[in-house]
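Below: one structure, written as structure tokens.
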Amino acid sequence: MSRKKSADPELAQKLSRRSMLGVAAGATAAAVLGAAATPAAAHGKGHGHGDGHGHGKGQPVLPPGRLGIQLYSLRDKVSTIGFAKVFDELERFGYDEIEFAGYTQGSAGEITLPQLKRLARNHGLKPIGSHVNYYDNNNPDAYSFAQNLEKVLDDAQTLGLEHVGTASGPFRYGSTVDAWKRAAEDFNTYGAAARRRGLKFYQHNHAEEFSFATDQPNVRLYDVLLAETDPDLVYLEMDIYWAFAGQFRFSKTAEGKPAPFDPLRYVLKQPDRYPLFHVKDGIEDITARDGYRMVDVGDGDIDYQRFISAVNKTRGGRRDHHWQVEHDQPVDSIAFAQKSSAHLHSLRERR
């Protein structure tokens with residue numbers, strides 16, 4: 001990924017140093033992609049969906065024990081039939097892990113965190129992470145990192161999580177470079193507190209993280225986040241769908257200058273920073289704001305065979321990364337969970 005000279009020399013120096021640290025870890029996978037790979041090649045339309053099934057031939061693309069689901073996709077079922085019945089289905093579909101988006105089950109009744117942890121364990125599901133709000137400045141009692149950090153971390157420990165993070169964008173102070181530096185300071189604070197508990201703090205992106213600073217239109221905000229957060233304290237969960245939506249929307253600066261990027265190359269430069277991924281699919285549609293229309297995993301154009309295979313080839317790739325399927329608004333959430341698992345389990349490395 002090419003980078004134009006930044007108007008912020010200190011930021012540019014940090015980006016360069018962080019990129020160099022990731023070169024050794026990502027060199028093998030980058031070689032697989034090839035130096036001339038274009039951003040579009042990371043998701044070639046339909047590629048890897050039909051061919052990837054392989055009818056049982058070749059090594060599975062999906063690492064064993066690493067398939068999870070973000071429970072936000074099943075929030076309608078969690079709130080009506082409860083965690084127990086949802087976990088019954090996930091166990092049957094072959095899921096290994098779950099990522100929480102809240103710990104309540106609506107009309108299905110009260111459940112305590114120890115009960116929830118035990119329920120997951122009894123279904124062979126490992127709670128791997130949880131999404132919690134970054135901040136709510138209007139409510140000092142809000143369940144968020146900014147307002148109740150210790151409570152958030154207490155609950156994560158009770159559930160036996162390895163990671164706890166936020167899907168909130170770092171826009172708390174605005175969209176300038178300095179605003180994102182301030183947000184990065186917050187994240188470093190949360191990451192340090194999480195590390196003292198044996199946890200990893202992470203941030204999950206949407207498309208807007210790949211937009212540009214309002215005061216420095218050649219600086220991508222995601223680059224500020226990477227440069228200003230400590231890689232030993234702050235991790236990233238790449239939502240692959242939203243990253244490709246960001247690629248579609250923000251491959252030119254506000255001034256119209258070309259600024260292409262490849263989501264996969266971000267990962268390959270610093271693979272240790274990306275323990276978690278959201279596997280979310282979309283059909284390419286250049287008439288849509290984001291360039292895609294969200295669909296069930298396996299029904300779209302994002303080449304997950306190629307993406308996961310490239311990450312697998314980084315140091316510790318098959319061991320250190322977790323793949324959580326998600327759909328923001330599935331037509332049938334249970335059918336989505338079943339179809340997504342079947343598709344990802346079917347993908348095989350080409351011989």
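By order of appearance in the structure tokens: chains A, B, ..., then residues from 1 within every chain, and ligands from 1 in the order shown.
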Contact residues around Asn137 of chain A with only C-alpha atoms at 10 Å, ignoring same-chain residues under 3 positions, as an MDAnalysis selection string: chainID A and resid 134 140:142 144 146:147 172
DSSP strand (DSSP E) residues within segment 145-226 of chain A, listed as a list in words: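 Secondary structure check on segment 145-226 of chain A, strand (DSSP E): His163, Val164, Gly165, Thr166, Lys200, Phe201, Tyr202, Gln203 and His204 of chain A.
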Contact residues around Leu233 of chain A with only C-alpha atoms at 12 Å, ignoring same-chain residues under 5 positions, as a ChimeraX atom specification: /A:163-165,184-203,226,228,272-273
Export of prior selection with C-alpha atoms as a compact mmCIF listing (two decimals), in the first residue's frame:
```txt
# COMPACT_ATOMS: atom_id res chain seq x y z
CA HIS A 163 -10.59 -10.13 24.36
CA VAL A 164 -12.94 -7.28 25.14
CA GLY A 165 -13.43 -4.37 22.78
CA ALA A 184 -5.84 6.67 20.76
CA GLU A 185 -4.75 7.81 24.23
CA ASP A 186 -8.08 6.56 25.58
CA PHE A 187 -7.59 3.22 23.83
CA ASN A 188 -4.06 2.88 25.20
CA THR A 189 -5.46 3.47 28.69
CA TYR A 190 -8.14 0.80 28.23
CA GLY A 191 -5.59 -1.55 26.70
CA ALA A 192 -3.22 -1.15 29.62
CA ALA A 193 -6.03 -1.80 32.11
CA ALA A 194 -7.15 -4.85 30.13
CA ARG A 195 -3.61 -6.20 29.93
CA ARG A 196 -3.28 -6.02 33.73
CA ARG A 197 -6.28 -8.38 33.84
CA GLY A 198 -4.83 -10.77 31.26
CA LEU A 199 -7.19 -9.45 28.55
CA LYS A 200 -6.70 -7.84 25.14
CA PHE A 201 -8.57 -4.65 24.26
CA TYR A 202 -9.63 -4.30 20.61
CA GLN A 203 -11.44 -1.97 18.23
CA LEU A 226 -2.52 2.44 14.01
CA GLU A 228 -0.85 6.34 17.85
CA ASP A 272 -0.18 -9.79 15.30
CA ARG A 273 -2.45 -6.78 15.75
```
Nearby residues (only C-alpha atoms) at most 6 Å from Asp239 of chain A, same-chain spacing under 5 positions excluded, as a PyMOL selection string: chain A and resi 205+277-278
Segment 95-183 of chain A residues near segment 54-75 of chain A within 7 Å, closest pair each, using only C-alpha atoms, as CSV:
```
residue,atom,partner,partner_atom,distance
A:Tyr95,CA,A:Leu67,CA,5.6
A:Asp96,CA,A:Leu67,CA,5.4
A:Glu97,CA,A:Gly68,CA,4.1
A:Ile98,CA,A:Gly68,CA,5.0
A:Glu99,CA,A:Gln70,CA,4.7
A:Phe100,CA,A:Leu71,CA,5.5
A:Ala101,CA,A:Tyr72,CA,5.4
```
Resulting file, chosen residues, N, CA, C and O atoms, as an mmCIF file, in the first residue's frame:
```cif
data_model
loop_
_atom_site.group_PDB
_atom_site.id
_atom_site.type_symbol
_atom_site.label_atom_id
_atom_site.label_comp_id
_atom_site.auth_asym_id
_atom_site.auth_seq_id
_atom_site.Cartn_x
_atom_site.Cartn_y
_atom_site.Cartn_z
ATOM 1 N N TYR A 95 -20.131 -24.515 15.388
ATOM 2 C CA TYR A 95 -19.385 -23.342 15.842
ATOM 3 C C TYR A 95 -18.501 -23.695 17.034
ATOM 4 O O TYR A 95 -18.836 -24.568 17.844
ATOM 5 N N ASP A 96 -17.376 -22.982 17.134
ATOM 6 C CA ASP A 96 -16.420 -23.190 18.220
ATOM 7 C C ASP A 96 -16.442 -22.049 19.230
ATOM 8 O O ASP A 96 -16.142 -22.256 20.404
ATOM 9 N N GLU A 97 -16.769 -20.849 18.762
ATOM 10 C CA GLU A 97 -16.611 -19.654 19.590
ATOM 11 C C GLU A 97 -17.812 -18.723 19.423
ATOM 12 O O GLU A 97 -18.562 -18.820 18.446
ATOM 13 N N ILE A 98 -17.960 -17.816 20.383
ATOM 14 C CA ILE A 98 -18.992 -16.792 20.311
ATOM 15 C C ILE A 98 -18.389 -15.457 20.722
ATOM 16 O O ILE A 98 -17.472 -15.386 21.528
ATOM 17 N N GLU A 99 -18.944 -14.396 20.143
ATOM 18 C CA GLU A 99 -18.570 -13.038 20.523
ATOM 19 C C GLU A 99 -19.848 -12.333 20.963
ATOM 20 O O GLU A 99 -20.836 -12.300 20.229
ATOM 21 N N PHE A 100 -19.820 -11.797 22.177
ATOM 22 C CA PHE A 100 -21.022 -11.200 22.749
ATOM 23 C C PHE A 100 -21.262 -9.788 22.218
ATOM 24 O O PHE A 100 -20.340 -9.062 21.849
ATOM 25 N N ALA A 101 -22.549 -9.398 22.231
ATOM 26 C CA ALA A 101 -22.971 -8.025 21.952
ATOM 27 C C ALA A 101 -23.998 -7.642 23.008
ATOM 28 O O ALA A 101 -25.065 -7.120 22.713
#
```
